[in-house]
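A.B. asks: Before anything else, here's the structure in question.
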Amino acid sequence: MASILDEYEDSLSRSAVLQPGCPSVGIPHSGYVNAQLEKEVPIFTRQRIDFTPSERITSLVVSCNQLCMSLGKDTLLRIDLGKANEPNHMELGRKDDAKVHKMFLDPTGSHLLIALSSTEVLYVNRNGQKVRPLARWKGQLVESVGWNKALGTESSTGPILVGTAQGQIFEAELSASEGGLFGPAPDLYFRPLYVLNEEGGPAPVCSLEAERGPEGRGFVIATTRQRLFQFIGRAAEGAEAQGFSGLFAAYTDHPPPFREFPSSLGYSELAFYTPKLRSAPRAFAWMMGDGVLYGSLDCGRPDSLLSEERVWEYPEGVGPGASPPLAIVLTQFHFLLLLADRVEAVCTLTGQVVLRDHFLEKFGPLKHMVKDSSTGHLWAHTERAVFRYQVQREARDVWRTYLDMNRFDLAKEYCRERPDCLDTVLAREADFCFRQHRYLESARCYALTQSYFEEIALKFLEAHQEEALAEFLQRKLASLKPAERTQATLLTAWLTELYLSRLGALQGDPEALNLYRETRERFRAFLSSPRHKEWLFASRASIHELLASHGDTEHMVYFAVIMQDYERVVAYHCQHEAYEEALAVLARHRDPQLFYKFSPILIRHIPRQLVDAWIELGSRLDARQLIPALVNYSQGGEAQQVSQAIRYMEFCVNVLGETDQAIHNYLLSLYARGQPASLLAYLEQAGASPHRVHYDLKYALRLCAEHGHHHACVHVYKVLELYEEAVDLALQVDVDLAKQCADLPEEDEELRKKLWLKIARHVVQEEEDVQTAMACLASCPLLKIEDVLPFFPDFVTIDHFKEAICSSLKAYNHHIQELQREMEEATASAQRIRRDLQELRGRYGTVEPQDKCATCDFPLLNRPFYLFLCGHMFHADCLLQAVRPGLPAYKQARLEELQRKLGAALPPAKGSARAKEAEGGAATGGPSREQLKADLDELVAAECVYCGELMIRSIDRPFIDPQRYEEEHLSWL
């Protein structure tokens with residue numbers, strides 16, 4: 001094991017590493033403050049593994065956190081880095097002088113191949129403890145292995161490619177199944193596929209990489225000392241079992257495409273960068289004689305897998321003639337070259353050396369370097385030590401490199417989470433675009449930076465780029481916070497002024513018509529933008545002033561519509577006498593308040609269309625608030641004006657069912673002025689009940705009287721139940737109408753007779769028509785001939801009344817006969833009643849000692865009682881208690897009065913002074929005790945409480961008194 005002194009010396013031996021390029025403290029012009037409080041960790045940090053090998057290390061491979069190294073010629077050391085304190089030593093069991101040439105470990109870390117210098121190959125599985133020779137592979141010096149990343153598992157490698165020193169490419173498959181003594185061999189098959197040639201014939205296959213692309217395409221990259229070959233093909237469906245034979249068969253007749261470089265190291269090495277495990281590689285680096293060929297890998301290209309290729313020459317002191325590189329590994333932005341005494345890291349973006357890490361001579365020369373794709377760690381070893389490089393935040397300063405290369409998109413991508421750096425990139429990009437005269441792009445970038453607003457605005461003004469300035473202002477406006485109202489107001493006003501000035505300059509130029517339309521659309525898009533809606537709404541007053549100052553009435557209306565300032569739009573249309581457009585705006589937005597405000601103006605010019613709009617809105621409008629507009633409009637008195645007002649009022653009354661008195665009164669006034677024929681129909685439809693009509697009866701009466709509508713006045717009198725006034729007015733119009741009014745007080749015969757007498761007097765005195773008077777007499781059965789005779793003049797002969805007098809006499813005779821018949825019936829009924837009373841006096845009932853009260857169920861004979869003919873018996877006090885709740889209030893008061901008087905009256909006693917007093921009281925006119933008892937019996941015992949009407953009337957009474965329900969309810973809980 002290494003000592004503490006060794007580790008201390010190792011730490012001192014580390015050379016400069018790649019450091020971030022940000023200054024320690026800086027305040028850029030963007031306004032951000034970048035303070036680096038402590039030294040950042042280097043990107044590449046070397047650490048020596050605390051391990052001293054027992055023998056020299058001849059080879060080392062790492063994959064999937066599994067480390068395998070060969071010690072000497074016969075020892076294999078396997079370490080699971082997750083359990084580093086449990087190493088596993090295995091003996092290869094070799095008795096000859098064969099040495100380990102190379103080792104290969106698959107991406108899963110399960111399958112280890114050990115190529116010996118004696119052209120033999122051994123196989124070791126991670127879960128096995130046995131080294132197994134591969135018989136089919138014997139005789140081949142293996143230089144490279146192309147693992148199957150798609151089909152390889154812990155138990156099987158799937159079809160893999162094997163490159164040899166003789167230039168041959170074989171296909172093979174290994175299985176981890178050991179079986180018994182005579183079980184299957186691990187090498188399932190081993191067959192040749194292709195031979196790689198250079199100018200001098202077959203050349204060693206230095207590197208092999210196999211990848212599977214989209215849509216079943218396969219790719220193989222193989223390198224020799226000077227050439228890089230690509231094999232591209234499409235595998236048939238279900239071709240996994242066939243492996244790579246179909247891919248190489250396509251190049252039987254012609255060679256595959258290749259890249260060749262004349263200089264040679266005598267070997268080459270290929271490295272891939274894969275961002276995630278089992279994902280497609282993104283970049284490659286080929287270490288050959290002329291330098292490092294670096295580029296991207298694009299599996300979607302049909303002809304070549306390689307793209308964006310460029311050759312980075314070796315750094316000074318590195319190369320075939322100096323210190324040749326021994327190995328190469330590739331990270332996201334660097335490739336690391338292993339030399340005998342140091343490791344150099346070169347940036348793949350710039351080709352600059354960012355790391356020279358020298359090793360102490362005591363460890364010996366470096367032998368090889370590998371990368372574990374699963375963890376990203378880099379491993380290097382000498383014959384006596386193992387080192388590990390950790391890669392930390394490799395992309396931290398890549399944005400600076402891309403920024404210097406003017407690749408701003410990539411620079412922004414790699415500093416997205418660092419606002420200060422992102423602001424620097426945006427500012428540089430904006431300046432670059434400005435110098436390139438790409439002003440719109442420059443404005444978009446400037447708007448995202450924290451650069452001084454005034455400085456940027458002045459740059460665009462000096463360059464006369466109003467369009468770019470507007471873009472800059474627009475994006476700045478969108479980035480403002482809600483609290484920055486002042487800035488928002490200024491920006492919106494400035495933008496509006498810029499657009500209006502631009503439109504004004506282009507409007508008169510016929511050659512710039514398309515540009516004018518384009519600018520107008522951009523201006524409208526700005527005004528209607530949802531992002532700017534809040535600011536535009538807050539600044540709407542100033543914007544309207546700007547629009548008015550430029551005389552741009554079209555955009556005034558457009559902006560008012562966007563801001564939903566429909567009052568301004570309607571007012572504008574009305575000022576320009578575009579009344580139909582104003583009504584269209586009102587009808588589209590259906591705002592009742594706007595209708596109330598503009599209806600007085602619109603009804604003068606488009607009354608019919610306005611009333612149609614009112615009717616369409618229906619109950620959303622309050623008809624009472626529209627009455628002033630209708631009153632002003634209908635004051636002219638023209639038939640059309642009145643008819644439109646009547647049409648809307650009829651809609652409110654008949655369709656909407658309005659009951660407001662003002663509406664009905666106004667409709668009455670319109671009928672009285674413009675449509676008298678509809679007045680009486682409306683009044684009759686409203687009904688004759690004064691409590692159900694919705695108009696003011698007194699107002700209706702005055703209105704009808706003013707306009708001389710007597711029939712309507714008569715109807716109103718009838719509703720007011722002023723029948724005499726109705727008859728008096730009806731006699732001036734129509735006698736038949738007066739007769740109808742006279743019959744209305746059906747329950748008051750005296751009034752009816754009086755009204756009919758008025759009609760008779762009018763007929764006789766005014767019309768002087770005896771026949772009509774007789775017909776009137778016949779129409780009312782209440783009038784007799786003697787009632788009408790005083791109205792006739794003296795010269796009228798009796799012949800005119802002969803029929804009426806005869807009819808009257810006959811009626812009197814018939815009435816007398818009816819009275820006689822009723823008298824006879826009353827006499828017979830009285831006789832029957834007397835007979836019944838005589839029979840009742842003899843009726844009696846028997847009370848047994850065991851009989852009980854029907855209410856309290858106690859013996860009946862204990863207290864005074866009542867016996868009814870139905871058989872029910874009650875104590876006097878029980879009956880009183882049962883009857884009292886069912887009596888009306890006045891009878892209950894009478895009952896209490898009788899009980900009080902009966903209690904105050906003296907009981908009768910024969911021969912006593914009290915009896916004399918009682919008789920004296922009766923003699924003085926006061927009720928006697930017997931009389932009081934009789935009155936009490938008449939109230940209480942008039943009928944049985946169970947069989948009489950009292951029980952029938954109490955059928956809807958609840959069993960429990962509502963006042964006592966809550967108390968009764970609680971008693972049951």
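FYI, nothing fancy with the structure tokens labels: chains A, B, ... in order, residues from 1 per chain, ligands from 1 as they appear.
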So which residues of range 192-269 of chain A fall under helix (DSSP H, G or I) by DSSP, listed as a ChimeraX atom specification?

C.D. replies: /A:214-216,245-249

A.B. asks: Would you write out those residues with all heavy atoms, as a short mmCIF file (atom, residue, chain, number, x, y, z; two decimals), in the first residue's frame?

C.D. replies:
data_model
loop_
_atom_site.label_atom_id
_atom_site.label_comp_id
_atom_site.auth_asym_id
_atom_site.auth_seq_id
_atom_site.Cartn_x
_atom_site.Cartn_y
_atom_site.Cartn_z
N PRO A 214 -31.60 4.43 -36.19
CA PRO A 214 -33.06 4.34 -36.32
C PRO A 214 -33.47 3.52 -37.53
O PRO A 214 -32.71 3.33 -38.48
CB PRO A 214 -33.48 5.82 -36.47
CG PRO A 214 -32.28 6.50 -37.04
CD PRO A 214 -31.09 5.79 -36.46
N GLU A 215 -34.69 2.99 -37.47
CA GLU A 215 -35.30 2.25 -38.57
C GLU A 215 -34.48 1.02 -38.95
O GLU A 215 -34.38 0.64 -40.13
CB GLU A 215 -35.48 3.14 -39.80
CG GLU A 215 -36.36 4.35 -39.53
CD GLU A 215 -36.49 5.23 -40.75
OE1 GLU A 215 -35.84 4.91 -41.78
OE2 GLU A 215 -37.23 6.23 -40.68
N GLY A 216 -33.87 0.38 -37.96
CA GLY A 216 -33.16 -0.87 -38.22
C GLY A 216 -31.85 -0.72 -38.94
O GLY A 216 -31.31 -1.72 -39.45
N SER A 245 -23.56 -10.06 -40.49
CA SER A 245 -23.18 -10.63 -41.79
C SER A 245 -23.85 -9.90 -42.93
O SER A 245 -23.24 -9.65 -43.98
CB SER A 245 -23.53 -12.12 -41.82
OG SER A 245 -24.93 -12.30 -41.59
N GLY A 246 -25.13 -9.55 -42.77
CA GLY A 246 -25.82 -8.83 -43.84
C GLY A 246 -25.24 -7.46 -44.07
O GLY A 246 -25.24 -6.95 -45.21
N LEU A 247 -24.74 -6.82 -43.03
CA LEU A 247 -24.17 -5.49 -43.17
C LEU A 247 -22.88 -5.52 -43.99
O LEU A 247 -22.66 -4.68 -44.87
CB LEU A 247 -23.92 -4.91 -41.77
CG LEU A 247 -23.32 -3.51 -41.70
CD1 LEU A 247 -24.29 -2.48 -42.27
CD2 LEU A 247 -22.98 -3.16 -40.26
N PHE A 248 -22.03 -6.51 -43.70
CA PHE A 248 -20.74 -6.59 -44.42
C PHE A 248 -20.89 -7.21 -45.80
O PHE A 248 -20.05 -7.00 -46.67
CB PHE A 248 -19.74 -7.40 -43.59
CG PHE A 248 -19.17 -6.64 -42.43
CD1 PHE A 248 -19.78 -6.66 -41.19
CD2 PHE A 248 -18.02 -5.87 -42.58
CE1 PHE A 248 -19.27 -5.95 -40.14
CE2 PHE A 248 -17.49 -5.15 -41.52
CZ PHE A 248 -18.12 -5.19 -40.28
N ALA A 249 -21.97 -7.98 -46.01
CA ALA A 249 -22.16 -8.61 -47.33
C ALA A 249 -22.36 -7.57 -48.42
O ALA A 249 -22.06 -7.81 -49.59
CB ALA A 249 -23.36 -9.56 -47.27
#

A.B. asks: Which neighbours of Leu336 in chain A fall inside 12 Å, counting only C-alpha atoms, when residues of the same chain fewer than 5 positions from it are skipped, and could you give them as a PyMOL selection string?

C.D. replies: chain A and resi 44+271+285-287+292+314-315+325-331+342-348+351-357+368-371+378-380+389+391

A.B. asks: DSSP on the backbone: what in range 337-456 of chain A comes out strand (DSSP E or B), as a ChimeraX atom specification?

C.D. replies: /A:337-338,342-347,353-358,366-371,378-382,386-391

A.B. asks: Could you jot down the CA of Gly213 in chain A to CA of Gly291 in chain A separation for me, Å, one decimal place?

C.D. replies: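 Separation between CA of Gly213 in chain A and CA of Gly291 in chain A: 28.2 Å.
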
A.B. asks: I'd like the neighbourhood of range 471-479 of chain A as a PyMOL selection string, where a residue qualifies if any of its atoms comes within 7 Å (using only C-alpha atoms), though same-chain residues fewer than 4 positions away should be ignored.

C.D. replies: chain A and resi 440+443-444+447+467+488+491+495+531-532

A.B. asks: What is the distance, in Å and to one decimal place, between CA of Gln685 in chain A and CA of Glu616 in chain A?

C.D. replies: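 These two atoms are separated by 25.2 Å.
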
A.B. asks: List as number ranges by chain the protein and nucleic acid residues near Val733 in chain A, meaning an atom at most 10 Å away when only C-alpha atoms are counted, but skip any in the same chain fewer than 4 places from it.

C.D. replies: A: 710-711, 714, 727-729, 737-738

A.B. asks: With C-alpha atoms retained, could you export that selection as a PDB file, in the first residue's frame?

C.D. replies:
ATOM      1  CA  HIS A 710    -116.496  58.264 -23.067  1.00  0.00           C
ATOM      2  CA  HIS A 711    -116.657  54.515 -23.479  1.00  0.00           C
ATOM      3  CA  VAL A 714    -117.459  54.421 -18.417  1.00  0.00           C
ATOM      4  CA  VAL A 727    -124.655  55.225 -15.778  1.00  0.00           C
ATOM      5  CA  ASP A 728    -124.856  59.013 -16.045  1.00  0.00           C
ATOM      6  CA  LEU A 729    -121.984  59.091 -18.538  1.00  0.00           C
ATOM      7  CA  LEU A 737    -124.162  50.605 -22.175  1.00  0.00           C
ATOM      8  CA  ALA A 738    -126.024  52.271 -19.303  1.00  0.00           C
TER       9      ALA A 738
END

A.B. asks: With range 92-112 of chain A as the partner and 12 Å as the cut-off, tabulate the residues of range 48-87 of chain A that qualify, each row holding the nearest pair of atoms and their distance in Å to one decimal, using only C-alpha atoms, sorted by chain and rising number, as a tab-separated table.

C.D. replies:
residue	atom	partner	partner_atom	distance
A:Arg56	CA	A:Val100	CA	11.9
A:Ile57	CA	A:Val100	CA	10.2
A:Thr58	CA	A:Val100	CA	6.9
A:Ser59	CA	A:Lys102	CA	6.4
A:Leu60	CA	A:Met103	CA	7.1
A:Val61	CA	A:Leu105	CA	6.4
A:Val62	CA	A:Leu105	CA	7.0
A:Ser63	CA	A:Gly109	CA	5.1
A:Cys64	CA	A:Gly109	CA	5.2
A:Asn65	CA	A:Gly109	CA	7.3
A:Gln66	CA	A:Gly109	CA	5.6
A:Leu67	CA	A:Gly109	CA	8.3
A:Cys68	CA	A:Leu105	CA	8.2
A:Met69	CA	A:Met103	CA	8.3
A:Ser70	CA	A:Val100	CA	7.4
A:Leu71	CA	A:Val100	CA	9.2
A:Gly72	CA	A:Lys99	CA	8.1
A:Lys73	CA	A:Lys99	CA	5.3
A:Asp74	CA	A:Leu92	CA	5.0
A:Thr75	CA	A:Leu92	CA	5.9
A:Leu76	CA	A:Leu92	CA	6.8
A:Leu77	CA	A:Leu92	CA	10.4
A:Arg78	CA	A:Leu112	CA	10.2
A:Ile79	CA	A:Gly109	CA	10.9
A:Asp80	CA	A:Gly109	CA	9.6
A:Leu81	CA	A:Gly109	CA	11.3

A.B. asks: How far is it from CA of Thr164 in chain A to CA of His334 in chain A, in Å with one decimal?

C.D. replies: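 Computing it gives 29.3 Å between the two atoms.
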
A.B. asks: Contacts of Glu413 in chain A at 12 Å or less, counting only C-alpha atoms, minus same-chain residues fewer than 4 places along, as a PyMOL selection string?

C.D. replies: chain A and resi 395-400+402-403+407-409+417-419+421-422+425-426

A.B. asks: Find the residues near Phe363 in chain A: any atom within 7 Å, counting only C-alpha atoms, skip ones fewer than 6 places away on the same chain, and give them as a VMD selection string.

C.D. replies: chain A and resid 382 384 to 385

A.B. asks: Filtering to N, CA and C atoms, could you give me those residues as a PDB file, in the first residue's frame?

C.D. replies:
ATOM      1  N   THR A 382       0.156   3.163 -14.711  1.00  0.00           N
ATOM      2  CA  THR A 382       1.536   2.789 -15.039  1.00  0.00           C
ATOM      3  C   THR A 382       1.697   1.340 -14.609  1.00  0.00           C
ATOM      4  N   ARG A 384       3.009   0.494 -11.914  1.00  0.00           N
ATOM      5  CA  ARG A 384       2.998   0.399 -10.456  1.00  0.00           C
ATOM      6  C   ARG A 384       1.915   1.249  -9.788  1.00  0.00           C
ATOM      7  N   ALA A 385       1.102   1.987 -10.542  1.00  0.00           N
ATOM      8  CA  ALA A 385       0.102   2.862  -9.916  1.00  0.00           C
ATOM      9  C   ALA A 385      -1.106   3.007 -10.840  1.00  0.00           C
TER      10      ALA A 385
END

A.B. asks: Using only C-alpha atoms, which of the listed residues (A:Ala700, A:Ala430, A:Glu822, A:Ala941) sits closest to His875 in chain A?

C.D. replies: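 Smallest separation from His875 in chain A among the options: A:Ala941.
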
A.B. asks: Skip Pro888 in chain A itself and residues of its chain fewer than 4 positions away, then list as a list of chain:residue names all residues within 12 Å of it, counting only C-alpha atoms.

C.D. replies: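 What passes the distance filter is A:Val883, A:Arg884, A:Gln892, A:Ala893, A:Arg894, A:Leu895, A:Leu939, A:Leu950, A:Arg953.
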